[in-house]
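Written below as C-alpha cells is the structure these notes are about.
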Amino acid sequence: MATATKISQLKLDEHGGAGAAAAGAASAANLNAVRVTMDVLLEISRILNTGLDMETLSICVRLCEQGINPEALSSVIKELRKASEALKAAENMTS
C-alpha cells in the first residue's frame, strides 16, 4: 500500500499536485471576473461617450487601483486631449 501512495504522490508532484490544480482554477475564475468587470466598465465608458478604448480604460483602472485620484486623472486626460487637438490643428494649418 505504501508503494501505491508513493506512486500517487509522484503523479501529483509531476502535474503540480491537487493544490496547483485548485490554484489554477481559482486563477482562471479570477481572470474571468476581471474580464467581465472590464467589459462592463468599457460598456459604461461607451454609454458615457468617454472616448476611451479598452487599453486606455485598463490603464486608468490600474492607476486608480494604485491610488491615483480619479478626478485628477480625468483632468489630465482632458488636458492631453486638448493639447493633442491643438497640435493637430497647428499641423493642419502648416501643411
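Identifiers for the C-alpha cells are assigned positionally: chains receive A, B, ... in sequence, residues are indexed from 1 per chain, and ligands are indexed from 1 in the order shown.
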**Q.** Which of range 27-73 of chain A fall in helix (DSSP H, G or I), as a PyMOL selection string
**A.** chain A and resi 27-47+54-65+70-73
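Using only C-alpha atoms, the protein and nucleic acid residues lying no more than 10 Å from Asp39 in chain A, apart from those fewer than 6 places from it along its own chain, are Ala33, Ser45 and Met54 of chain A.
Shortest separation to Leu42 in chain A among A:Asn30, A:Ala25, A:Cys60, A:Lys88 occurs at residue A:Cys60, atoms counted being only C-alpha atoms.
Distances to Thr56 in chain A were evaluated for A:Ala22, A:Ala90, A:Met38, A:Ala28 using only C-alpha atoms, and the minimum falls at A:Met38.
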Exercise for the section: May I have the residues within 12 Å of range 72-85 of chain A as JSON, numbers by chain, using only C-alpha atoms and disregarding those fewer than 5 positions away in the same chain? Expected result: {"A": [50, 51, 52, 56, 57, 59, 60, 61, 62, 63, 64, 67, 90, 91, 92]}
Residue subset to file, keeping C-alpha atoms, as a PDB file, in the first residue's frame:
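Output below, filename result.pdb:
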```pdb
ATOM      1  CA  THR A  50     -15.692  58.976 -22.864  1.00  0.00           C
ATOM      2  CA  GLY A  51     -13.785  58.017 -25.988  1.00  0.00           C
ATOM      3  CA  LEU A  52     -11.607  55.585 -24.017  1.00  0.00           C
ATOM      4  CA  THR A  56      -6.670  53.185 -22.096  1.00  0.00           C
ATOM      5  CA  LEU A  57      -9.522  52.264 -19.766  1.00  0.00           C
ATOM      6  CA  ILE A  59      -4.550  51.740 -17.700  1.00  0.00           C
ATOM      7  CA  CYS A  60      -6.872  54.185 -15.951  1.00  0.00           C
ATOM      8  CA  VAL A  61      -8.337  51.426 -13.779  1.00  0.00           C
ATOM      9  CA  ARG A  62      -4.845  50.221 -12.798  1.00  0.00           C
ATOM     10  CA  LEU A  63      -3.792  53.769 -11.925  1.00  0.00           C
ATOM     11  CA  CYS A  64      -6.882  54.229  -9.756  1.00  0.00           C
ATOM     12  CA  GLY A  67      -4.189  55.234  -5.514  1.00  0.00           C
ATOM     13  CA  ALA A  90      -1.477  73.632 -35.856  1.00  0.00           C
ATOM     14  CA  GLU A  91      -0.162  70.839 -38.064  1.00  0.00           C
ATOM     15  CA  ASN A  92      -3.131  71.188 -40.425  1.00  0.00           C
TER      16      ASN A  92
END
```
